[in-house]
file entry_28.cif (mmCIF, C-alpha atoms and all ligand atoms)
data_start
#
loop_
_atom_site.label_atom_id
_atom_site.label_comp_id
_atom_site.auth_asym_id
_atom_site.auth_seq_id
_atom_site.Cartn_x
_atom_site.Cartn_y
_atom_site.Cartn_z
CA MET C 1 24.12 -55.42 46.31
CA PRO C 2 24.18 -57.89 49.23
CA ASN C 3 21.51 -60.59 48.91
CA PHE C 4 20.70 -64.20 49.59
CA ILE C 5 18.37 -66.72 47.99
CA THR C 6 16.43 -69.05 50.22
CA LYS C 7 14.13 -72.03 49.60
CA THR C 8 11.90 -71.16 52.52
CA ILE C 9 11.22 -68.14 54.70
CA ALA C 10 9.18 -67.89 57.91
CA LYS C 11 8.71 -64.14 58.20
CA PRO C 12 8.74 -63.15 61.88
CA PRO C 13 6.12 -60.59 63.02
CA LEU C 14 7.37 -57.02 63.13
CA PRO C 15 8.81 -55.19 64.94
CA PHE C 16 11.70 -57.23 66.32
CA SER C 17 15.35 -56.67 67.11
CA SER C 18 18.28 -58.92 66.46
CA GLY C 19 21.97 -58.15 66.93
CA ARG C 20 22.45 -54.46 66.32
CA CYS C 21 19.47 -54.23 63.91
CA ASP C 22 15.80 -53.34 64.43
CA PHE C 23 13.28 -54.57 61.86
CA LEU C 24 10.46 -52.09 62.28
CA TRP C 25 7.64 -52.29 59.74
CA GLU C 26 6.74 -53.66 56.36
CA VAL C 27 4.93 -52.52 53.20
CA ASN C 28 3.94 -54.69 50.27
CA SER C 29 3.20 -54.61 46.55
CA LYS C 30 2.25 -57.39 44.16
CA ASN C 31 5.91 -58.06 43.43
CA SER C 32 7.84 -57.50 46.63
CA ASN C 33 7.92 -56.51 50.30
CA TYR C 34 10.04 -53.79 51.86
CA ILE C 35 11.10 -54.10 55.50
CA PHE C 36 12.11 -50.82 57.10
CA THR C 37 15.28 -51.57 59.02
CA ARG C 38 17.45 -49.57 61.41
CA CYS C 39 21.03 -50.57 62.11
CA GLU C 40 22.71 -48.12 64.51
CA GLU C 41 22.38 -44.72 62.79
CA GLU C 42 21.51 -46.10 59.36
CA LYS C 43 17.97 -46.69 58.08
CA PHE C 44 17.20 -48.63 54.91
CA PHE C 45 14.85 -51.11 53.29
CA ILE C 46 15.39 -54.82 52.90
CA GLN C 47 13.48 -56.17 49.92
CA ILE C 48 11.91 -59.63 49.72
CA LYS C 49 10.88 -60.97 46.30
CA GLY C 50 9.62 -64.26 44.89
CA GLU C 51 8.07 -67.34 46.41
CA SER C 52 9.21 -70.61 47.86
CA PRO C 53 11.27 -72.50 46.62
CA LYS C 54 13.14 -69.37 45.43
CA VAL C 55 12.85 -66.26 47.60
CA ILE C 56 15.35 -63.43 47.08
CA VAL C 57 16.16 -61.23 50.09
CA LYS C 58 18.34 -58.22 49.30
CA GLY C 59 19.32 -54.71 50.11
CA GLU C 60 17.18 -52.11 48.38
CA LYS C 61 19.18 -49.82 46.07
CA ILE C 62 17.79 -46.32 46.74
CA SER C 63 18.06 -46.52 50.52
CA ARG C 64 21.39 -48.39 50.48
CA PRO C 65 23.41 -47.25 53.53
CA SER C 66 26.77 -45.60 53.01
CA GLN C 67 28.47 -48.61 54.62
CA VAL C 68 27.47 -51.93 53.08
CA ILE C 69 28.40 -53.77 56.28
CA PHE C 70 25.13 -52.60 57.90
CA LEU C 71 23.16 -54.18 55.10
CA GLN C 72 25.12 -57.42 55.32
CA ASN C 73 24.57 -57.56 59.08
CA ALA C 74 20.84 -56.88 58.71
CA LEU C 75 20.43 -59.62 56.08
CA GLU C 76 22.39 -62.06 58.26
CA GLU C 77 20.19 -61.31 61.29
CA TYR C 78 17.01 -61.51 59.26
CA ALA C 79 18.01 -64.87 57.73
CA LYS C 80 18.55 -66.28 61.21
CA LYS C 81 15.21 -65.08 62.59
CA ALA C 82 13.25 -66.13 59.49
CA SER C 83 14.76 -69.65 59.64
CA CYS C 84 15.90 -69.34 56.05
CA ASP C 85 17.14 -72.31 54.13
CA ILE C 86 19.79 -70.48 52.12
CA ILE C 87 20.71 -71.70 48.62
CA SER C 88 23.19 -68.94 47.74
CA SER C 89 24.40 -65.79 49.43
CA ASN C 90 26.95 -62.97 49.28
CA ILE C 91 26.18 -61.46 52.67
CA THR C 92 29.07 -62.71 54.75
CA PRO C 93 31.15 -59.59 55.34
CA ALA C 94 34.89 -60.02 54.65
CA SER C 95 35.48 -58.32 57.98
CA ASN C 96 33.20 -56.83 60.59
CA ARG C 97 34.96 -53.50 60.49
CA LEU C 98 33.51 -50.35 58.98
CA LYS C 99 35.35 -49.45 55.78
CA GLU C 100 37.28 -46.23 56.21
CA LYS C 101 36.02 -43.57 53.82
CA ASN C 102 38.48 -41.10 52.42
CA PRO C 103 37.54 -37.88 54.27
CA ILE C 104 38.49 -35.81 51.22
CA ILE C 105 35.41 -37.13 49.39
CA LYS C 106 32.32 -35.32 50.67
CA GLU C 107 28.59 -35.84 50.41
CA ILE C 108 26.39 -32.95 49.31
CA ASP C 109 25.24 -32.35 52.94
CA PHE C 110 28.77 -31.15 53.72
CA PHE C 111 28.40 -28.16 51.42
CA VAL C 112 25.15 -27.10 53.07
CA GLN C 113 25.69 -27.84 56.73
CA ASN C 114 29.40 -27.72 57.52
CA PHE C 115 30.88 -25.63 54.82
CA VAL C 116 32.68 -22.52 56.05
CA PHE C 117 33.37 -19.97 53.36
CA ASP C 118 36.36 -18.47 55.12
CA LYS C 119 39.09 -19.32 52.60
CA GLU C 120 39.76 -18.34 49.05
CA LEU C 121 37.97 -20.99 46.99
CA LEU C 122 38.87 -22.49 43.62
CA VAL C 123 36.57 -24.93 41.81
CA GLU C 124 37.63 -27.47 39.19
CA ILE C 125 34.90 -29.16 37.16
CA GLY C 126 35.58 -32.57 35.58
CA PHE C 127 39.15 -32.88 36.92
CA GLY C 128 39.65 -36.39 35.46
CA SER C 129 43.12 -37.70 36.33
CA GLY C 130 43.56 -34.62 38.52
CA ARG C 131 46.93 -33.30 37.30
CA HIS C 132 45.74 -29.70 37.18
CA LEU C 133 43.79 -29.95 40.45
CA LEU C 134 46.77 -31.42 42.32
CA TYR C 135 49.04 -28.74 40.86
CA GLN C 136 46.69 -26.00 42.05
CA ALA C 137 46.41 -27.58 45.50
CA LYS C 138 50.20 -27.92 45.91
CA ASN C 139 50.83 -24.37 44.78
CA ASN C 140 48.04 -22.72 46.74
CA PRO C 141 48.22 -24.17 50.25
CA ASP C 142 46.21 -21.24 51.65
CA LYS C 143 43.29 -21.80 49.20
CA LEU C 144 40.69 -24.56 49.22
CA ILE C 145 40.14 -26.46 45.97
CA ILE C 146 36.69 -28.00 45.39
CA GLY C 147 36.89 -30.75 42.77
CA ILE C 148 33.69 -31.92 41.07
CA GLU C 149 33.74 -35.13 39.04
CA ILE C 150 31.05 -37.63 38.06
CA HIS C 151 33.47 -40.46 37.22
CA LYS C 152 33.84 -42.32 40.53
CA PRO C 153 37.16 -44.09 39.79
CA SER C 154 38.80 -40.71 38.99
CA LEU C 155 37.36 -39.27 42.20
CA GLU C 156 38.75 -42.10 44.32
CA GLN C 157 42.10 -42.07 42.55
CA VAL C 158 42.59 -38.33 43.03
CA ALA C 159 41.45 -38.55 46.68
CA LYS C 160 44.12 -41.22 47.23
CA GLN C 161 46.77 -39.04 45.64
CA CYS C 162 45.78 -36.10 47.86
CA THR C 163 46.24 -38.35 50.89
CA ILE C 164 49.62 -39.60 49.68
CA LEU C 165 50.77 -36.03 48.99
CA GLY C 166 49.42 -34.86 52.36
CA LEU C 167 47.23 -32.19 50.73
CA LYS C 168 44.80 -30.77 53.28
CA ASN C 169 43.25 -28.12 51.04
CA VAL C 170 41.13 -30.28 48.73
CA VAL C 171 37.53 -31.50 48.95
CA LEU C 172 36.02 -33.66 46.22
CA ILE C 173 32.46 -34.51 45.34
CA ASP C 174 30.68 -36.83 42.92
CA TYR C 175 27.93 -34.55 41.65
CA ASP C 176 26.76 -33.11 38.38
CA SER C 177 28.52 -29.74 38.21
CA ARG C 178 25.58 -28.19 36.34
CA ILE C 179 23.49 -28.51 39.50
CA PHE C 180 26.27 -28.30 42.08
CA MET C 181 26.67 -24.57 41.39
CA GLU C 182 23.31 -23.99 43.12
CA PHE C 183 24.84 -25.13 46.42
CA LEU C 184 27.55 -22.46 46.36
CA ARG C 185 27.17 -19.04 47.91
CA SER C 186 27.06 -15.94 45.75
CA ASN C 187 30.35 -14.02 45.40
CA SER C 188 32.37 -16.80 47.06
CA ILE C 189 34.63 -18.34 44.37
CA SER C 190 37.82 -16.89 42.89
CA LYS C 191 38.23 -19.25 39.93
CA ILE C 192 36.30 -21.98 38.18
CA PHE C 193 38.38 -24.23 35.92
CA ILE C 194 36.77 -26.35 33.21
CA HIS C 195 39.53 -28.06 31.28
CA PHE C 196 38.77 -30.21 28.27
CA PRO C 197 35.09 -30.84 29.01
CA VAL C 198 33.41 -33.58 26.98
CA PRO C 199 32.26 -31.71 23.81
CA TRP C 200 29.06 -33.75 23.39
CA ASP C 201 28.73 -32.53 19.78
CA LYS C 202 25.88 -34.97 19.12
CA LYS C 203 24.13 -34.39 22.48
CA PRO C 204 24.68 -30.69 23.25
CA HIS C 205 22.15 -30.79 26.12
CA ARG C 206 24.74 -32.79 28.09
CA ARG C 207 27.36 -30.03 27.91
CA VAL C 208 28.50 -28.41 31.13
CA ILE C 209 28.40 -24.95 29.54
CA SER C 210 24.87 -23.62 28.97
CA PRO C 211 23.26 -20.20 29.45
CA TYR C 212 21.86 -21.38 32.81
CA PHE C 213 25.25 -22.70 33.97
CA VAL C 214 27.02 -19.47 32.98
CA ASN C 215 24.53 -17.39 34.98
CA GLU C 216 25.07 -19.60 38.01
CA ALA C 217 28.85 -19.50 37.55
CA LEU C 218 28.81 -15.68 37.40
CA ARG C 219 26.62 -15.57 40.50
CA VAL C 220 29.04 -17.67 42.58
CA LEU C 221 32.18 -15.88 41.33
CA LYS C 222 33.54 -12.95 43.29
CA ALA C 223 33.73 -9.65 41.47
CA GLY C 224 36.90 -10.10 39.39
CA GLY C 225 36.63 -13.91 39.65
CA THR C 226 37.11 -15.96 36.48
CA LEU C 227 35.63 -18.95 34.71
CA GLU C 228 38.44 -20.54 32.68
CA LEU C 229 37.45 -22.89 29.89
CA ARG C 230 40.18 -24.79 28.02
CA THR C 231 39.20 -26.93 25.06
CA ASP C 232 40.62 -28.57 21.96
CA SER C 233 37.21 -28.71 20.25
CA ASP C 234 36.54 -26.03 17.60
CA GLU C 235 32.84 -26.62 17.96
CA TYR C 236 32.78 -26.43 21.77
CA TYR C 237 34.93 -23.29 21.63
CA ALA C 238 32.55 -21.55 19.20
CA TYR C 239 29.48 -22.71 21.15
CA SER C 240 30.85 -21.57 24.53
CA LEU C 241 31.98 -18.21 23.21
CA ASP C 242 28.50 -17.67 21.86
CA VAL C 243 26.92 -18.58 25.22
CA PHE C 244 29.35 -16.30 27.11
CA MET C 245 28.66 -13.41 24.73
CA GLN C 246 24.90 -13.71 25.31
CA ASN C 247 25.54 -12.26 28.74
CA PRO C 248 24.75 -8.52 28.63
CA ARG C 249 28.01 -7.64 30.39
CA ALA C 250 30.42 -10.27 29.14
CA ASP C 251 34.07 -9.63 29.92
CA VAL C 252 35.74 -12.29 27.75
CA ARG C 253 39.36 -12.92 26.78
CA ILE C 254 40.47 -15.54 24.27
CA PHE C 255 43.84 -17.24 23.87
CA LYS C 256 45.00 -19.75 21.30
CA ASN C 257 47.71 -22.35 21.90
CA PHE C 258 48.93 -20.88 25.17
CA ASP C 259 50.76 -23.21 27.53
CA LEU C 260 49.65 -23.43 31.16
CA GLU C 261 52.04 -24.28 33.99
CA ILE C 262 50.72 -27.84 33.92
CA SER C 263 49.52 -29.98 31.05
CA SER C 264 46.73 -32.53 31.58
CA LYS C 265 46.58 -36.02 30.09
CA TYR C 266 44.11 -34.89 27.44
CA GLU C 267 46.18 -31.88 26.62
CA ASP C 268 49.30 -34.01 26.04
CA ARG C 269 47.32 -36.17 23.65
CA TRP C 270 45.98 -33.21 21.64
CA LYS C 271 49.38 -31.51 21.54
CA LYS C 272 50.91 -34.65 20.04
CA LEU C 273 48.22 -34.50 17.35
CA GLU C 274 49.07 -30.80 16.83
CA LYS C 275 45.50 -29.72 17.53
CA ASN C 276 44.67 -26.15 18.45
CA ILE C 277 43.88 -25.46 22.08
CA TYR C 278 41.62 -22.58 23.04
CA ASP C 279 41.23 -20.78 26.34
CA ILE C 280 38.22 -18.58 27.02
CA VAL C 281 38.37 -16.61 30.24
CA LEU C 282 35.12 -15.07 31.42
CA THR C 283 35.45 -12.52 34.24
CA ASN C 284 32.62 -11.67 36.59
CA THR C 285 32.34 -7.91 36.95
CA GLN C 286 29.43 -7.69 39.38
CA LEU C 287 28.48 -8.31 42.99
CA HIS C 288 25.43 -10.58 43.24
CA THR C 289 22.67 -10.80 45.83
CA GLU C 290 23.65 -13.05 48.74
CA ASN C 291 21.84 -16.39 48.98
CA SER C 292 21.08 -18.59 52.01
CA PRO C 293 22.06 -22.26 52.32
CA LEU C 294 19.61 -24.45 50.39
CA PRO C 295 16.89 -25.98 52.58
CA LYS C 296 15.77 -29.59 52.31
CA LEU C 297 12.38 -30.23 50.72
CA SER C 298 9.60 -31.17 53.10
CA PHE C 299 5.83 -31.60 53.28
CA ASP C 300 3.31 -29.90 55.60
CA TYR C 301 0.37 -32.30 55.83
CA LEU C 302 -1.77 -34.82 53.99
CA ASN C 303 -5.30 -36.05 54.44
CA ASN C 304 -6.06 -38.52 51.67
CA ILE C 305 -3.79 -41.52 52.11
CA ASP C 306 -6.74 -43.89 51.44
CA LYS C 307 -7.33 -42.35 48.04
CA ILE C 308 -3.66 -42.58 47.12
CA MET C 309 -3.57 -46.24 48.15
CA ARG C 310 -6.71 -47.01 46.18
CA ASP C 311 -6.01 -45.04 42.99
CA PHE C 312 -2.22 -45.16 42.55
CA THR C 313 -0.99 -45.84 39.05
CA PRO C 314 2.53 -45.10 37.81
CA LYS C 315 2.66 -41.62 36.32
CA LEU C 316 5.18 -39.42 34.56
CA PHE C 317 5.08 -35.58 34.48
CA ARG C 318 7.48 -33.87 32.08
CA GLY C 319 8.35 -30.20 32.52
CA GLU C 320 10.81 -28.33 30.31
CA ASP C 321 13.70 -28.66 32.73
CA PHE C 322 12.37 -31.10 35.33
CA PHE C 323 10.25 -34.23 35.64
CA VAL C 324 8.45 -36.35 38.22
CA HIS C 325 7.97 -40.09 37.88
CA PHE C 326 5.81 -41.90 40.44
CA GLU C 327 7.06 -45.41 39.78
CA GLU C 328 5.59 -47.88 42.23
CA ILE C 329 3.64 -48.04 45.49
CA HIS C 330 4.06 -50.39 48.45
CA THR C 331 1.40 -50.24 51.13
CA ALA C 332 0.31 -51.58 54.51
CA HIS C 333 -2.91 -50.67 56.34
CA ASP C 334 -1.65 -47.31 57.65
CA ARG C 335 1.32 -46.61 55.44
CA ALA C 336 2.24 -46.02 51.80
CA VAL C 337 5.72 -45.93 50.32
CA ILE C 338 5.99 -44.50 46.80
CA LYS C 339 9.13 -45.03 44.78
CA THR C 340 9.76 -41.77 42.93
CA ALA C 341 12.29 -40.21 40.57
CA PHE C 342 12.23 -36.44 40.12
CA GLY C 343 14.19 -33.25 39.54
CA ALA C 344 16.52 -32.26 36.74
CA TYR C 345 16.87 -34.53 33.70
CA GLU C 346 20.65 -34.37 34.10
CA ARG C 347 20.59 -35.44 37.74
CA ALA C 348 17.43 -37.01 39.08
CA GLU C 349 16.70 -37.72 42.73
CA HIS C 350 15.64 -41.31 43.32
CA LEU C 351 13.77 -41.40 46.62
CA PHE C 352 10.78 -42.83 48.42
CA ILE C 353 7.86 -40.77 49.62
CA ILE C 354 6.69 -42.26 52.90
CA ILE C 355 3.13 -41.45 53.96
CA GLU C 356 2.16 -42.42 57.49
CA ASP C 357 -0.14 -41.00 60.19
CA ASP C 358 -0.91 -37.91 58.11
CA LYS C 359 2.80 -37.24 57.82
CA ILE C 360 4.78 -37.28 54.58
CA SER C 361 8.54 -37.38 54.18
CA TYR C 362 11.21 -38.16 51.63
CA PHE C 363 13.32 -41.17 52.44
CA PRO C 364 16.28 -41.02 52.53
CA ASP C 365 16.02 -37.38 53.58
CA ARG C 366 18.44 -35.92 51.05
CA ALA C 367 16.39 -33.82 48.60
CA TYR C 368 17.62 -30.24 48.54
CA ALA C 369 15.67 -27.36 47.08
CA VAL C 370 17.69 -26.85 43.91
CA LYS C 371 15.55 -25.25 41.20
CA ALA C 372 14.49 -28.39 39.33
CA ASN C 373 13.73 -30.22 42.60
CA LYS C 374 11.60 -27.31 43.81
CA LYS C 375 9.48 -27.39 40.66
CA ALA C 376 9.12 -31.16 40.90
CA HIS C 377 8.23 -30.90 44.60
CA GLU C 378 5.34 -28.53 43.80
CA ILE C 379 3.96 -31.12 41.34
CA ILE C 380 4.40 -33.88 43.92
CA LYS C 381 2.55 -31.90 46.61
CA LYS C 382 -0.28 -31.08 44.22
CA TRP C 383 -0.57 -34.69 43.07
CA LEU C 384 -0.60 -35.98 46.66
CA ASN C 385 -3.37 -33.59 47.64
CA GLU C 386 -5.55 -33.90 44.59
C1 LIG A 401 37.59 -35.13 28.79
S1 LIG A 401 37.70 -35.31 30.51
C2 LIG A 401 38.89 -34.09 30.96
C3 LIG A 401 39.55 -34.39 32.28
C4 LIG A 401 40.56 -33.35 32.76
N1 LIG A 401 39.97 -32.05 32.98
C5 LIG A 401 41.74 -33.25 31.83
O1 LIG A 401 41.95 -32.15 31.28
O2 LIG A 401 42.45 -34.25 31.67
C6 LIG A 401 36.17 -34.63 31.05
C7 LIG A 401 35.84 -34.99 32.50
O3 LIG A 401 34.66 -34.30 32.88
C8 LIG A 401 33.84 -35.17 33.67
N2 LIG A 401 32.46 -34.68 33.54
C9 LIG A 401 31.64 -34.77 32.47
N3 LIG A 401 30.45 -34.18 32.72
C10 LIG A 401 30.52 -33.70 33.98
C11 LIG A 401 29.61 -32.99 34.81
N4 LIG A 401 28.40 -32.66 34.37
N5 LIG A 401 29.99 -32.65 36.07
C12 LIG A 401 31.24 -33.00 36.52
N6 LIG A 401 32.15 -33.68 35.78
C13 LIG A 401 31.80 -34.01 34.52
C14 LIG A 401 34.09 -36.54 33.06
O4 LIG A 401 33.80 -37.59 33.95
C15 LIG A 401 35.58 -36.47 32.71
O5 LIG A 401 36.38 -36.93 33.76
#

call {"tool": "encode", "arguments": {"input": "entry_28.cif", "output": "structure tokens"}}
result
Amino acid sequence: MPNFITKTIAKPPLPFSSGRCDFLWEVNSKNSNYIFTRCEEEKFFIQIKGESPKVIVKGEKISRPSQVIFLQNALEEYAKKASCDIISSNITPASNRLKEKNPIIKEIDFFVQNFVFDKELLVEIGFGSGRHLLYQAKNNPDKLIIGIEIHKPSLEQVAKQCTILGLKNVVLIDYDSRIFMEFLRSNSISKIFIHFPVPWDKKPHRRVISPYFVNEALRVLKAGGTLELRTDSDEYYAYSLDVFMQNPRADVRIFKNFDLEISSKYEDRWKKLEKNIYDIVLTNTQLHTENSPLPKLSFDYLNNIDKIMRDFTPKLFRGEDFFVHFEEIHTAHDRAVIKTAFGAYERAEHLFIIIEDDKISYFPDRAYAVKANKKAHEIIKKWLNE
């Protein structure tokens, strides 16, 4: 994270503008200050910690802009205006150009706002080195392949390969597939591939396959669409079959040691070790009720900011499948900023709740109403109004 350390700092009164950045307002806690900063379209916090002769000024993690250059520019401008006496720094950008992002990698907003369900869609979960995904993309130019992977280096590597191969029918996302399903429309997907998922024998709650996931997968599959699980793990095979069979209308086929057209890295390894490989194919037989795009979470009103400022203490609520953690508050006379983590245990949202002029909002504004978030949001609203 870009930062600098300075011996002295003469904080200029807010708001002020410098270069292409506006430094708008500030909130404080015992340990640090946040300065709300706007740089072109991006909004984020700069955090100031410590005292002279060692003050740390850095980009704040949760609100970090997608392009780090904005943060570097803002810190540079702030250092100038606050007459800082810098001891060490990593804010000088290597170049002043915006880094080109690979357009194949999408943010979650894309699947809500811009996504057109006009093509046949295939989904691959945990594509790893991407051999199977690339094979599907090359052989199905008229279909769109959505690849979901939580390992960033694999995501970037496969995006690069798509570019090199000129594949135009792939979109990739770094998201937990167990929650991502909620963003997909009912009856929209032809195939979901899950090849060699991590078996998590000691931590089964981390498995991709669960009764909830299977229900969501069946909902998003077209009638006749399939979920194809391929695994080398006896335990994962038995567990998944059991979960699939819990469905009252399970259409399940099982294959042992069948070759696919393409063999993944993991598969090559297991074949060398002469391990068994199992395929379980679950077919959706039903049409499901259509769903609308997921809305973002928002607040209506608030009337007790003074009480929140006075009484705030960190607090943790634990539900069965969701939680809310109010972590820390920063305040100014008419504003409170609460650092919060909430949502599903497997993929928490880390956001600020900004309370100002009887208005409340999440910042950054990226919390969608997936089930766990919705439950957490109800707790948050209740807590804020109590
Ligand atoms: C054992 S590797 C298999 C990779 C690839 N399918 C293959 O056959 O070579 C499992 C992959 O699933 C990814 N993964 C694990 N949990 C995930 C989740 N909840 N959502 C999306 N990807 C996940 C991991 O990062 C890893 O790349």

call {"tool": "residues_near_ligand", "arguments": {"input": "entry_28.cif", "ligand": "ligand LIG 401 (chain A)", "cutoff": "7 Å", "atoms": "only C-alpha atoms and all ligand atoms", "output": "list of chain:residue names"}}
result
C:Ile125, C:Gly126, C:Phe127, C:Gly128, C:Ser129, C:Gly130, C:Ile148, C:Glu149, C:Ile150, C:His151, C:Ser154, C:Tyr175, C:Asp176, C:Ser177, C:Arg178, C:Ile194, C:His195, C:Phe196, C:Pro197, C:Val198, C:Val208, C:Ser264, C:Lys265, C:Tyr266, C:Glu267

call {"tool": "residues_around", "arguments": {"input": "entry_28.cif", "residues": "Ser17 in chain C", "least_positions_apart": "6", "cutoff": "9 Å", "atoms": "all atoms listed in the file", "output": "PyMOL selection string"}}
result
chain C and resi 23-24+77

call {"tool": "write_last_selection", "arguments": {"input": "entry_28.cif", "atoms": "C-alpha atoms", "output": "compact mmCIF listing (two decimals), keeping the file's coordinate frame"}}
result
# COMPACT_ATOMS: atom_id res chain seq x y z
CA PHE C 23 13.28 -54.57 61.86
CA LEU C 24 10.46 -52.09 62.28
CA GLU C 77 20.19 -61.31 61.29

call {"tool": "closest_residue", "arguments": {"input": "entry_28.cif", "among": "C:Gln47, C:Leu227, C:Lys30, C:Thr8", "to": "Glu328 in chain C", "atoms": "all atoms listed in the file"}}
result
C:Lys30

call {"tool": "closest_residue", "arguments": {"input": "entry_28.cif", "among": "C:Ile46, C:Ile262, C:Ala348, C:Ala223", "to": "Gln286 in chain C", "atoms": "only C-alpha atoms"}}
result
C:Ala223

call {"tool": "atom_distance", "arguments": {"input": "entry_28.cif", "atom1": "CA of Ala217 in chain C", "atom2": "CA of Met181 in chain C"}}
result
6.7 Å

call {"tool": "residues_around", "arguments": {"input": "entry_28.cif", "residues": "Phe317 in chain C", "least_positions_apart": "6", "cutoff": "9 Å", "atoms": "all atoms listed in the file", "output": "number ranges by chain"}}
result
C: 323-326, 376, 379

call {"tool": "residues_near_point", "arguments": {"input": "entry_28.cif", "point": "(15.1, -28.2, 31.4)", "cutoff": "7 Å", "atoms": "only C-alpha atoms", "output": "list of chain:residue names"}}
result
C:Glu320, C:Asp321, C:Phe322, C:Ala344, C:Tyr345

call {"tool": "closest_residue", "arguments": {"input": "entry_28.cif", "among": "C:Glu327, C:Gln136, C:Ile69, C:Thr6", "to": "Ser89 in chain C", "atoms": "only C-alpha atoms"}}
result
C:Thr6

call {"tool": "closest_residue", "arguments": {"input": "entry_28.cif", "among": "C:Asp22, C:Glu182, C:Glu76, C:Asp365", "to": "Lys296 in chain C", "atoms": "all atoms listed in the file"}}
result
C:Asp365

call {"tool": "atom_distance", "arguments": {"input": "entry_28.cif", "atom1": "CA of Ile35 in chain C", "atom2": "CA of Leu384 in chain C"}}
result
23.3 Å

call {"tool": "residues_around", "arguments": {"input": "entry_28.cif", "residues": "Tyr135 in chain C", "least_positions_apart": "5", "cutoff": "12 Å", "atoms": "only C-alpha atoms", "output": "list in words"}}
result
Glu124, Phe127, Ser129, Gly130, Asn140, Pro141, Ile145, Val158, Gln161, Cys162, Leu165, Leu167, Asn169, Val170, Leu260, Glu261, Ile262, Ser263 and Ser264 of chain C

call {"tool": "closest_residue", "arguments": {"input": "entry_28.cif", "among": "C:Arg269, C:Lys61, C:Lys11, C:Lys54", "to": "Ile87 in chain C", "atoms": "all atoms listed in the file"}}
result
C:Lys54

call {"tool": "atom_distance", "arguments": {"input": "entry_28.cif", "atom1": "CA of Lys191 in chain C", "atom2": "CA of Glu228 in chain C"}}
result
7.4 Å

call {"tool": "residues_near_point", "arguments": {"input": "entry_28.cif", "point": "(22.8, -23.2, 48.4)", "cutoff": "8 Å", "atoms": "all atoms listed in the file", "output": "PyMOL selection string"}}
result
chain C and resi 112+182-185+291-295+370

call {"tool": "closest_residue", "arguments": {"input": "entry_28.cif", "among": "C:Glu60, C:Ser188, C:Phe4, C:Val55", "to": "Val116 in chain C", "atoms": "all atoms listed in the file"}}
result
C:Ser188
